[in-house]
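Chemist: Dropping in work32.pdb, which is PDB, C-alpha atoms:
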```pdb
ATOM      1  CA  MET X 954     -75.191  29.093  50.297  1.00  0.00           C
ATOM      2  CA  LEU X 955     -72.295  30.943  48.693  1.00  0.00           C
ATOM      3  CA  PRO X 956     -73.344  34.519  49.571  1.00  0.00           C
ATOM      4  CA  THR X 957     -73.923  33.489  53.182  1.00  0.00           C
ATOM      5  CA  ALA X 958     -70.716  31.486  53.519  1.00  0.00           C
ATOM      6  CA  LEU X 959     -68.440  33.955  51.719  1.00  0.00           C
ATOM      7  CA  PRO X 960     -68.009  36.440  54.625  1.00  0.00           C
ATOM      8  CA  ALA X 961     -67.094  33.624  57.027  1.00  0.00           C
ATOM      9  CA  LEU X 962     -64.665  32.220  54.465  1.00  0.00           C
ATOM     10  CA  LEU X 963     -63.044  35.630  53.993  1.00  0.00           C
ATOM     11  CA  ILE X 964     -62.620  36.057  57.752  1.00  0.00           C
ATOM     12  CA  ALA X 965     -60.959  32.651  58.016  1.00  0.00           C
ATOM     13  CA  VAL X 966     -58.721  33.401  55.036  1.00  0.00           C
ATOM     14  CA  ALA X 967     -57.820  36.791  56.516  1.00  0.00           C
ATOM     15  CA  LEU X 968     -56.308  35.138  59.615  1.00  0.00           C
ATOM     16  CA  VAL X 969     -53.960  32.887  57.646  1.00  0.00           C
ATOM     17  CA  PRO X 970     -51.400  35.580  56.668  1.00  0.00           C
ATOM     18  CA  GLY X 971     -51.339  36.923  60.228  1.00  0.00           C
ATOM     19  CA  TRP X 972     -50.806  33.441  61.660  1.00  0.00           C
ATOM     20  CA  LEU X 973     -48.049  32.732  59.131  1.00  0.00           C
ATOM     21  CA  ASN X 974     -46.332  36.012  59.984  1.00  0.00           C
ATOM     22  CA  ARG X 975     -46.290  35.172  63.692  1.00  0.00           C
ATOM     23  CA  ARG X 976     -45.018  31.639  63.025  1.00  0.00           C
ATOM     24  CA  LEU X 977     -42.105  32.985  60.997  1.00  0.00           C
ATOM     25  CA  LEU X 978     -41.410  35.746  63.499  1.00  0.00           C
ATOM     26  CA  SER X 979     -41.407  33.319  66.449  1.00  0.00           C
ATOM     27  CA  ARG X 980     -38.056  32.020  65.188  1.00  0.00           C
ATOM     28  CA  PHE X 981     -36.501  35.401  65.978  1.00  0.00           C
ATOM     29  CA  ARG X 982     -38.524  36.656  68.950  1.00  0.00           C
ATOM     30  CA  PRO X 983     -39.090  35.164  72.408  1.00  0.00           C
ATOM     31  CA  PRO X 984     -42.482  33.515  73.011  1.00  0.00           C
ATOM     32  CA  THR X 985     -45.132  35.519  74.851  1.00  0.00           C
ATOM     33  CA  SER X 986     -47.581  34.552  77.554  1.00  0.00           C
ATOM     34  CA  GLY X 987     -50.427  36.096  79.556  1.00  0.00           C
ATOM     35  CA  ALA X 988     -51.221  39.625  78.431  1.00  0.00           C
ATOM     36  CA  GLY X 989     -48.512  39.253  75.785  1.00  0.00           C
ATOM     37  CA  ALA X 990     -50.417  36.351  74.256  1.00  0.00           C
ATOM     38  CA  LEU X 991     -53.541  38.516  73.933  1.00  0.00           C
ATOM     39  CA  SER X 992     -51.468  41.233  72.295  1.00  0.00           C
ATOM     40  CA  GLU X 993     -50.030  38.636  69.915  1.00  0.00           C
ATOM     41  CA  LEU X 994     -53.544  37.458  68.990  1.00  0.00           C
ATOM     42  CA  ILE X 995     -54.580  41.027  68.253  1.00  0.00           C
ATOM     43  CA  GLU X 996     -51.465  41.425  66.109  1.00  0.00           C
ATOM     44  CA  ILE X 997     -52.321  38.254  64.167  1.00  0.00           C
ATOM     45  CA  VAL X 998     -55.812  39.570  63.440  1.00  0.00           C
ATOM     46  CA  ALA X 999     -54.519  43.045  62.534  1.00  0.00           C
ATOM     47  CA  ILE X1000     -51.841  41.757  60.171  1.00  0.00           C
ATOM     48  CA  GLY X1001     -54.247  39.258  58.631  1.00  0.00           C
ATOM     49  CA  LEU X1002     -56.970  41.811  58.014  1.00  0.00           C
ATOM     50  CA  ALA X1003     -54.512  44.408  56.716  1.00  0.00           C
ATOM     51  CA  THR X1004     -52.760  42.110  54.242  1.00  0.00           C
ATOM     52  CA  THR X1005     -55.985  40.479  53.093  1.00  0.00           C
ATOM     53  CA  GLY X1006     -57.705  43.850  52.778  1.00  0.00           C
ATOM     54  CA  VAL X1007     -54.911  45.228  50.597  1.00  0.00           C
ATOM     55  CA  SER X1008     -54.970  42.060  48.497  1.00  0.00           C
ATOM     56  CA  LEU X1009     -58.737  42.180  47.999  1.00  0.00           C
ATOM     57  CA  LEU X1010     -58.483  45.834  47.003  1.00  0.00           C
ATOM     58  CA  ALA X1011     -55.776  45.021  44.464  1.00  0.00           C
ATOM     59  CA  VAL X1012     -57.838  42.181  42.983  1.00  0.00           C
ATOM     60  CA  ALA X1013     -60.901  44.450  42.806  1.00  0.00           C
ATOM     61  CA  LEU X1014     -59.016  47.251  41.063  1.00  0.00           C
ATOM     62  CA  VAL X1015     -57.342  44.902  38.589  1.00  0.00           C
ATOM     63  CA  PRO X1016     -60.018  42.341  37.624  1.00  0.00           C
ATOM     64  CA  LEU X1017     -58.913  39.182  35.898  1.00  0.00           C
ATOM     65  CA  PRO X1018     -60.924  36.675  33.829  1.00  0.00           C
ATOM     66  CA  PHE X1019     -61.085  34.241  36.777  1.00  0.00           C
ATOM     67  CA  THR X1020     -61.964  36.785  39.487  1.00  0.00           C
ATOM     68  CA  LEU X1021     -65.137  38.641  40.441  1.00  0.00           C
ATOM     69  CA  ASP X1022     -66.190  41.834  38.670  1.00  0.00           C
ATOM     70  CA  VAL X1023     -66.886  44.182  41.575  1.00  0.00           C
ATOM     71  CA  GLY X1024     -68.930  46.567  39.428  1.00  0.00           C
ATOM     72  CA  GLU X1025     -71.226  43.838  38.178  1.00  0.00           C
ATOM     73  CA  TRP X1026     -71.444  42.364  41.691  1.00  0.00           C
ATOM     74  CA  ALA X1027     -72.567  45.737  43.055  1.00  0.00           C
ATOM     75  CA  THR X1028     -75.195  45.959  40.340  1.00  0.00           C
ATOM     76  CA  CYS X1029     -76.581  42.413  40.487  1.00  0.00           C
ATOM     77  CA  GLY X1030     -76.151  41.722  44.190  1.00  0.00           C
ATOM     78  CA  SER X1031     -76.104  38.208  45.632  1.00  0.00           C
ATOM     79  CA  ASP X1032     -77.446  36.669  42.423  1.00  0.00           C
ATOM     80  CA  TYR X1033     -74.112  37.499  40.782  1.00  0.00           C
ATOM     81  CA  LEU X1034     -72.182  35.480  43.388  1.00  0.00           C
ATOM     82  CA  ALA X1035     -74.491  32.528  43.005  1.00  0.00           C
ATOM     83  CA  LYS X1036     -73.864  32.480  39.262  1.00  0.00           C
ATOM     84  CA  HIS X1037     -70.107  33.047  39.499  1.00  0.00           C
ATOM     85  CA  ALA X1038     -68.990  30.611  42.161  1.00  0.00           C
ATOM     86  CA  ARG X1039     -65.704  29.826  40.404  1.00  0.00           C
ATOM     87  CA  ALA X1040     -64.868  33.514  40.108  1.00  0.00           C
ATOM     88  CA  ALA X1041     -65.538  33.916  43.830  1.00  0.00           C
ATOM     89  CA  ILE X1042     -63.203  31.033  44.627  1.00  0.00           C
ATOM     90  CA  GLY X1043     -60.579  32.461  42.272  1.00  0.00           C
ATOM     91  CA  THR X1044     -60.838  35.847  43.976  1.00  0.00           C
ATOM     92  CA  VAL X1045     -60.399  34.326  47.426  1.00  0.00           C
ATOM     93  CA  ALA X1046     -57.469  32.161  46.287  1.00  0.00           C
ATOM     94  CA  LEU X1047     -55.647  35.021  44.551  1.00  0.00           C
ATOM     95  CA  SER X1048     -56.233  37.312  47.526  1.00  0.00           C
ATOM     96  CA  LEU X1049     -54.811  34.669  49.859  1.00  0.00           C
ATOM     97  CA  VAL X1050     -51.696  34.291  47.704  1.00  0.00           C
ATOM     98  CA  LEU X1051     -51.125  38.045  47.595  1.00  0.00           C
ATOM     99  CA  ALA X1052     -51.818  38.422  51.331  1.00  0.00           C
ATOM    100  CA  THR X1053     -49.369  35.625  52.114  1.00  0.00           C
ATOM    101  CA  ALA X1054     -46.713  37.305  49.998  1.00  0.00           C
ATOM    102  CA  LEU X1055     -47.303  40.579  51.862  1.00  0.00           C
ATOM    103  CA  SER X1056     -47.107  38.753  55.185  1.00  0.00           C
ATOM    104  CA  VAL X1057     -43.782  37.137  54.283  1.00  0.00           C
ATOM    105  CA  GLY X1058     -42.442  40.493  53.081  1.00  0.00           C
ATOM    106  CA  LEU X1059     -43.482  42.086  56.368  1.00  0.00           C
ATOM    107  CA  HIS X1060     -41.711  39.271  58.197  1.00  0.00           C
ATOM    108  CA  PHE X1061     -38.402  40.130  56.540  1.00  0.00           C
ATOM    109  CA  VAL X1062     -38.802  43.758  57.611  1.00  0.00           C
ATOM    110  CA  GLN X1063     -39.591  42.681  61.187  1.00  0.00           C
ATOM    111  CA  ARG X1064     -36.719  40.217  61.177  1.00  0.00           C
ATOM    112  CA  ARG X1065     -34.209  42.985  60.508  1.00  0.00           C
ATOM    113  CA  ARG X1066     -35.440  44.707  63.666  1.00  0.00           C
ATOM    114  CA  SER X1067     -35.418  41.583  65.853  1.00  0.00           C
ATOM    115  CA  ARG X1068     -32.844  41.138  68.607  1.00  0.00           C
ATOM    116  CA  PRO X1069     -29.943  39.120  67.155  1.00  0.00           C
ATOM    117  CA  GLU X1070     -29.149  37.490  70.506  1.00  0.00           C
ATOM    118  CA  PHE X1071     -32.450  35.604  70.597  1.00  0.00           C
ATOM    119  CA  ARG X1072     -32.266  32.021  69.357  1.00  0.00           C
ATOM    120  CA  PRO X1073     -35.337  29.810  69.748  1.00  0.00           C
ATOM    121  CA  GLU X1074     -33.464  26.510  69.675  1.00  0.00           C
ATOM    122  CA  GLY X1075     -30.807  25.355  72.094  1.00  0.00           C
ATOM    123  CA  ASN X1076     -29.806  27.227  75.235  1.00  0.00           C
ATOM    124  CA  VAL X1077     -27.087  29.488  76.561  1.00  0.00           C
ATOM    125  CA  TRP X1078     -24.706  26.541  77.002  1.00  0.00           C
ATOM    126  CA  VAL X1079     -25.089  25.498  73.379  1.00  0.00           C
ATOM    127  CA  HIS X1080     -24.634  28.978  71.956  1.00  0.00           C
ATOM    128  CA  ALA X1081     -22.048  30.391  74.377  1.00  0.00           C
ATOM    129  CA  LEU X1082     -19.848  27.287  74.564  1.00  0.00           C
ATOM    130  CA  GLY X1083     -20.567  25.611  71.248  1.00  0.00           C
ATOM    131  CA  THR X1084     -20.475  28.605  68.913  1.00  0.00           C
ATOM    132  CA  ARG X1085     -17.029  29.508  67.590  1.00  0.00           C
ATOM    133  CA  SER X1086     -15.532  31.322  64.651  1.00  0.00           C
ATOM    134  CA  ARG X1087     -14.043  29.335  61.807  1.00  0.00           C
ATOM    135  CA  GLY X1088     -10.449  28.293  62.432  1.00  0.00           C
ATOM    136  CA  THR X1089     -10.648  28.798  66.187  1.00  0.00           C
ATOM    137  CA  LEU X1090     -11.074  26.644  69.257  1.00  0.00           C
ATOM    138  CA  PRO X1091     -12.667  27.769  72.522  1.00  0.00           C
ATOM    139  CA  TRP X1092     -10.256  28.093  75.448  1.00  0.00           C
ATOM    140  CA  VAL X1093     -12.377  27.787  78.583  1.00  0.00           C
ATOM    141  CA  GLY X1094     -11.644  29.056  82.071  1.00  0.00           C
ATOM    142  CA  LEU X1095     -13.669  27.556  84.917  1.00  0.00           C
ATOM    143  CA  LYS X1096     -13.687  29.656  88.058  1.00  0.00           C
ATOM    144  CA  LEU X1097     -14.491  27.134  90.798  1.00  0.00           C
ATOM    145  CA  THR X1098     -16.422  27.780  93.975  1.00  0.00           C
ATOM    146  CA  ASP X1099     -13.266  27.126  96.029  1.00  0.00           C
ATOM    147  CA  GLY X1100     -11.436  29.971  94.242  1.00  0.00           C
ATOM    148  CA  ARG X1101      -9.293  27.921  91.854  1.00  0.00           C
ATOM    149  CA  LEU X1102      -9.152  28.641  88.132  1.00  0.00           C
ATOM    150  CA  VAL X1103      -9.067  25.658  85.794  1.00  0.00           C
ATOM    151  CA  GLU X1104      -8.312  26.329  82.125  1.00  0.00           C
ATOM    152  CA  GLY X1105      -8.142  24.182  79.035  1.00  0.00           C
ATOM    153  CA  ARG X1106      -9.424  23.537  75.554  1.00  0.00           C
ATOM    154  CA  LEU X1107     -13.143  22.796  75.502  1.00  0.00           C
ATOM    155  CA  HIS X1108     -13.780  19.101  75.007  1.00  0.00           C
ATOM    156  CA  SER X1109     -17.530  18.730  75.625  1.00  0.00           C
ATOM    157  CA  TYR X1110     -20.403  19.705  77.885  1.00  0.00           C
ATOM    158  CA  SER X1111     -23.797  18.346  78.883  1.00  0.00           C
ATOM    159  CA  LEU X1112     -26.591  19.304  76.498  1.00  0.00           C
ATOM    160  CA  ASP X1113     -29.533  18.292  78.662  1.00  0.00           C
ATOM    161  CA  ASP X1114     -30.853  20.690  81.282  1.00  0.00           C
ATOM    162  CA  LEU X1115     -29.615  18.693  84.261  1.00  0.00           C
ATOM    163  CA  GLY X1116     -29.302  21.537  86.757  1.00  0.00           C
ATOM    164  CA  ASP X1117     -26.329  21.032  89.065  1.00  0.00           C
ATOM    165  CA  GLN X1118     -25.657  17.656  87.400  1.00  0.00           C
ATOM    166  CA  ARG X1119     -24.462  19.339  84.220  1.00  0.00           C
ATOM    167  CA  ASP X1120     -20.761  18.744  83.435  1.00  0.00           C
ATOM    168  CA  VAL X1121     -18.085  20.573  81.437  1.00  0.00           C
ATOM    169  CA  ALA X1122     -15.089  18.644  80.110  1.00  0.00           C
ATOM    170  CA  LEU X1123     -11.733  20.206  79.205  1.00  0.00           C
ATOM    171  CA  ALA X1124      -8.989  18.678  77.073  1.00  0.00           C
ATOM    172  CA  LYS X1125      -5.232  19.184  77.247  1.00  0.00           C
ATOM    173  CA  PRO X1126      -3.359  21.395  77.589  1.00  0.00           C
ATOM    174  CA  ILE X1127      -4.867  22.022  81.032  1.00  0.00           C
ATOM    175  CA  ARG X1128      -3.585  24.391  83.678  1.00  0.00           C
ATOM    176  CA  ILE X1129      -4.726  25.235  87.192  1.00  0.00           C
ATOM    177  CA  THR X1130      -4.263  28.431  89.177  1.00  0.00           C
ATOM    178  CA  ASP X1131      -4.728  27.626  92.855  1.00  0.00           C
ATOM    179  CA  ALA X1132      -5.232  31.218  94.056  1.00  0.00           C
ATOM    180  CA  VAL X1133      -5.061  34.804  92.876  1.00  0.00           C
ATOM    181  CA  GLY X1134      -1.452  35.904  92.579  1.00  0.00           C
ATOM    182  CA  LYS X1135      -0.056  32.402  92.327  1.00  0.00           C
ATOM    183  CA  PRO X1136       1.481  31.173  89.053  1.00  0.00           C
ATOM    184  CA  PRO X1137      -0.562  28.665  87.047  1.00  0.00           C
ATOM    185  CA  ARG X1138       0.661  25.073  86.863  1.00  0.00           C
ATOM    186  CA  TRP X1139       0.215  22.738  83.913  1.00  0.00           C
ATOM    187  CA  VAL X1140      -1.120  19.302  84.739  1.00  0.00           C
ATOM    188  CA  SER X1141      -0.361  16.102  82.836  1.00  0.00           C
ATOM    189  CA  ILE X1142      -3.890  14.919  82.138  1.00  0.00           C
ATOM    190  CA  ASP X1143      -5.685  14.470  78.833  1.00  0.00           C
ATOM    191  CA  ARG X1144      -9.204  15.408  79.939  1.00  0.00           C
ATOM    192  CA  LEU X1145     -10.820  16.916  83.006  1.00  0.00           C
ATOM    193  CA  ILE X1146     -14.529  16.719  83.804  1.00  0.00           C
ATOM    194  CA  MET X1147     -15.867  19.369  86.159  1.00  0.00           C
ATOM    195  CA  PRO X1148     -19.433  19.171  87.549  1.00  0.00           C
ATOM    196  CA  PHE X1149     -21.546  22.296  87.333  1.00  0.00           C
ATOM    197  CA  ARG X1150     -22.132  22.460  91.098  1.00  0.00           C
ATOM    198  CA  LYS X1151     -18.424  23.199  91.600  1.00  0.00           C
ATOM    199  CA  ILE X1152     -18.294  25.986  88.997  1.00  0.00           C
ATOM    200  CA  ASP X1153     -18.844  29.613  89.965  1.00  0.00           C
ATOM    201  CA  HIS X1154     -18.616  31.058  86.452  1.00  0.00           C
ATOM    202  CA  ILE X1155     -17.170  30.263  83.014  1.00  0.00           C
ATOM    203  CA  VAL X1156     -14.996  32.345  80.698  1.00  0.00           C
ATOM    204  CA  VAL X1157     -14.616  31.494  76.994  1.00  0.00           C
ATOM    205  CA  ILE X1158     -11.832  32.813  74.750  1.00  0.00           C
ATOM    206  CA  GLU X1159     -11.611  31.872  71.078  1.00  0.00           C
ATOM    207  CA  GLY X1160      -8.009  31.158  70.072  1.00  0.00           C
ATOM    208  CA  PRO X1161      -6.433  30.114  66.766  1.00  0.00           C
ATOM    209  CA  GLU X1162      -7.014  26.423  66.162  1.00  0.00           C
ATOM    210  CA  ALA X1163      -3.410  25.794  65.142  1.00  0.00           C
ATOM    211  CA  LYS X1164      -2.106  27.019  68.487  1.00  0.00           C
ATOM    212  CA  GLN X1165      -4.285  24.833  70.639  1.00  0.00           C
TER     213      GLN X1165
END
```
As a first step, turn the structure in this file into C-alpha cells.

Modeler:
Amino acid sequence: MLPTALPALLIAVALVPGWLNRRLLSRFRPPTSGAGALSELIEIVAIGLATTGVSLLAVALVPLPFTLDVGEWATCGSDYLAKHARAAIGTVALSLVLATALSVGLHFVQRRRSRPEFRPEGNVWVHALGTRSRGTLPWVGLKLTDGRLVEGRLHSYSLDDLGDQRDVALAKPIRITDAVGKPPRWVSIDRLIMPFRKIDHIVVIEGPEAKQ
C-alpha cells in the first residue's frame, strides 16, 4: 500500500505550502475572482511544487537517520519503501516542514512588494476617517450637496455599510461656511450629525491634539 499511496501523499503535501503562501498573502493583496481565481490556483500549485521539490531534493542530498536513503531506494525499488515505512513518513514530514518554511520566506518577499494601501479588513471609512497619527485629532470638513462647508473635530461615524443612511458626527468646535467667499461662522453646538446623503465629499486634516 505504501508505494502506491506515496505519490498521492506527496502531491497532497506539495499543495500545502502553496495554499499557506496564498492565505498569508491574501492579507496584503485584494481577492481575485474569475480568470484571476484560476491564475491563483495555478500559482498555489506552482509554489507548492517548487517549495516541496526543493525540500525533497535537500532531504535526498543530506540523508538523516530517520529519512529515506535515495541510493538504497533506487537499488531495491518498492521493497525498500515497504520495509522503511517510518523513514518514508519522516522524509515526507521533514520535507513539509522545509517547504512550509520556504513558503513563509517567500511570503515575506512578496509582502514587501505588495501595495501598502490595500487593507483586507475594514473599509475606506474606517481607514480614512479612523486612522490618525499619534498626538493628533482629525479635523473634518464636510462639503454638503447644497454648497455649504461644515467643519469640526471628528466625533464618530457609522461603521456598517448603510449606503445613504451612513452618518458622520462632528464635535465642537464647529464652524459653517455658507458659500464660497463668505466668512465662516462658529456655531454654539456640541455635536452635529450629518447624514451621508447630504454630503458631497469629505476632507480630513490631522491637527495637533492639544489645539483641538

Chemist: Check what the PyMOL selection byres ((chain X and resi 1058) around 12) selects in the file above and give those residues as a PyMOL selection string.

Modeler: chain X and resi 970-971+973-974+977-978+1000+1004+1051-1057+1059-1065

Chemist: Using only C-alpha atoms, pick whichever of X:Val969, X:Ile1127, X:Ile964, X:Leu1112 has the shortest atom-to-atom distance to Asp1143 of chain X.

Modeler: X:Ile1127

Chemist: Which residues come within 12 Å of Lys1096 of chain X, counting all atoms listed in the file, excluding same-chain residues fewer than 5 positions away, as number ranges by chain?

Modeler: X: 1101-1105, 1129-1133, 1147-1157

Chemist: Atom CA of Ile1158 of chain X and atom CA of Asp1099 of chain X, how far apart in Å?

Modeler: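 The value is 22.1 Å.
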
Chemist: Using the chain letters and numbers from the file, give me the residues hit by the PyMOL selection byres ((chain X and resi 1005) around 8), as a VMD selection string.

Modeler: chain X and resid 966 to 967 970 1001 to 1004 1006 to 1009 1048 to 1049 1051 to 1052

Chemist: From the list X:Ile1146, X:Thr1098, X:Leu1047, X:Trp1139, which residue is nearest Val1015 of chain X when using only C-alpha atoms?

Modeler: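 Among X:Ile1146, X:Thr1098, X:Leu1047, X:Trp1139, it is X:Leu1047 that comes nearest to Val1015 of chain X.
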
Chemist: Take atom CA of Leu1123 of chain X and atom CA of Ser1141 of chain X and report the distance between them in Å, one decimal.

Modeler: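 Going from atom CA of Leu1123 of chain X over to atom CA of Ser1141 of chain X covers 12.6 Å.
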
Chemist: From the set X:Val1050, X:Glu1159, X:Arg1119, X:Ile995, which residue has the shortest atom-to-atom contact distance to Arg1085 of chain X, counting only C-alpha atoms?

Modeler: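 Checking each candidate against Arg1085 of chain X, we get X:Glu1159 as the closest.
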
Chemist: So what do you get for atom CA of Ile1042 of chain X versus atom CA of Glu993 of chain X, distance-wise?

Modeler: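 Distance reported for this atom pair: 29.5 Å.
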
Chemist: Could you list, as a ChimeraX atom specification, every residue matched by the PyMOL selection byres ((chain X and resi 1021) around 6) in this structure?

Modeler: /X:1020,1022-1023,1040-1041

Chemist: Ranking X:Lys1135, X:Gly1100, X:Ser1111, X:Trp972 by minimum distance to Val1079 of chain X and counting all atoms listed in the file, which one comes first?

Modeler: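 Checking each candidate against Val1079 of chain X, we get X:Ser1111 as the closest.
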
Chemist: Point out the residue among X:Ser992, X:Thr1044, X:Arg1106, X:Pro1126 with the least atom-to-atom distance to Ala1011 of chain X, counting all atoms listed in the file.

Modeler: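 The closest residue to Ala1011 of chain X is X:Thr1044.
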
Chemist: Return as lines of an AutoDock Vina configuration file the box centre and box size in Å, one decimal, for an axis-aligned box around all listed atoms of segment 1009-1015 of chain X padded by 3 Å per side.

Modeler:
```
center_x = -58.3
center_y = 44.7
center_z = 43.3
size_x = 11.1
size_y = 11.1
size_z = 15.4
```

Chemist: May I ask which of the residues X:Arg975, X:Arg1039, X:Arg1128, X:Arg1138 is the closest one to Val1093 of chain X, counting all atoms listed in the file?

Modeler: X:Arg1128
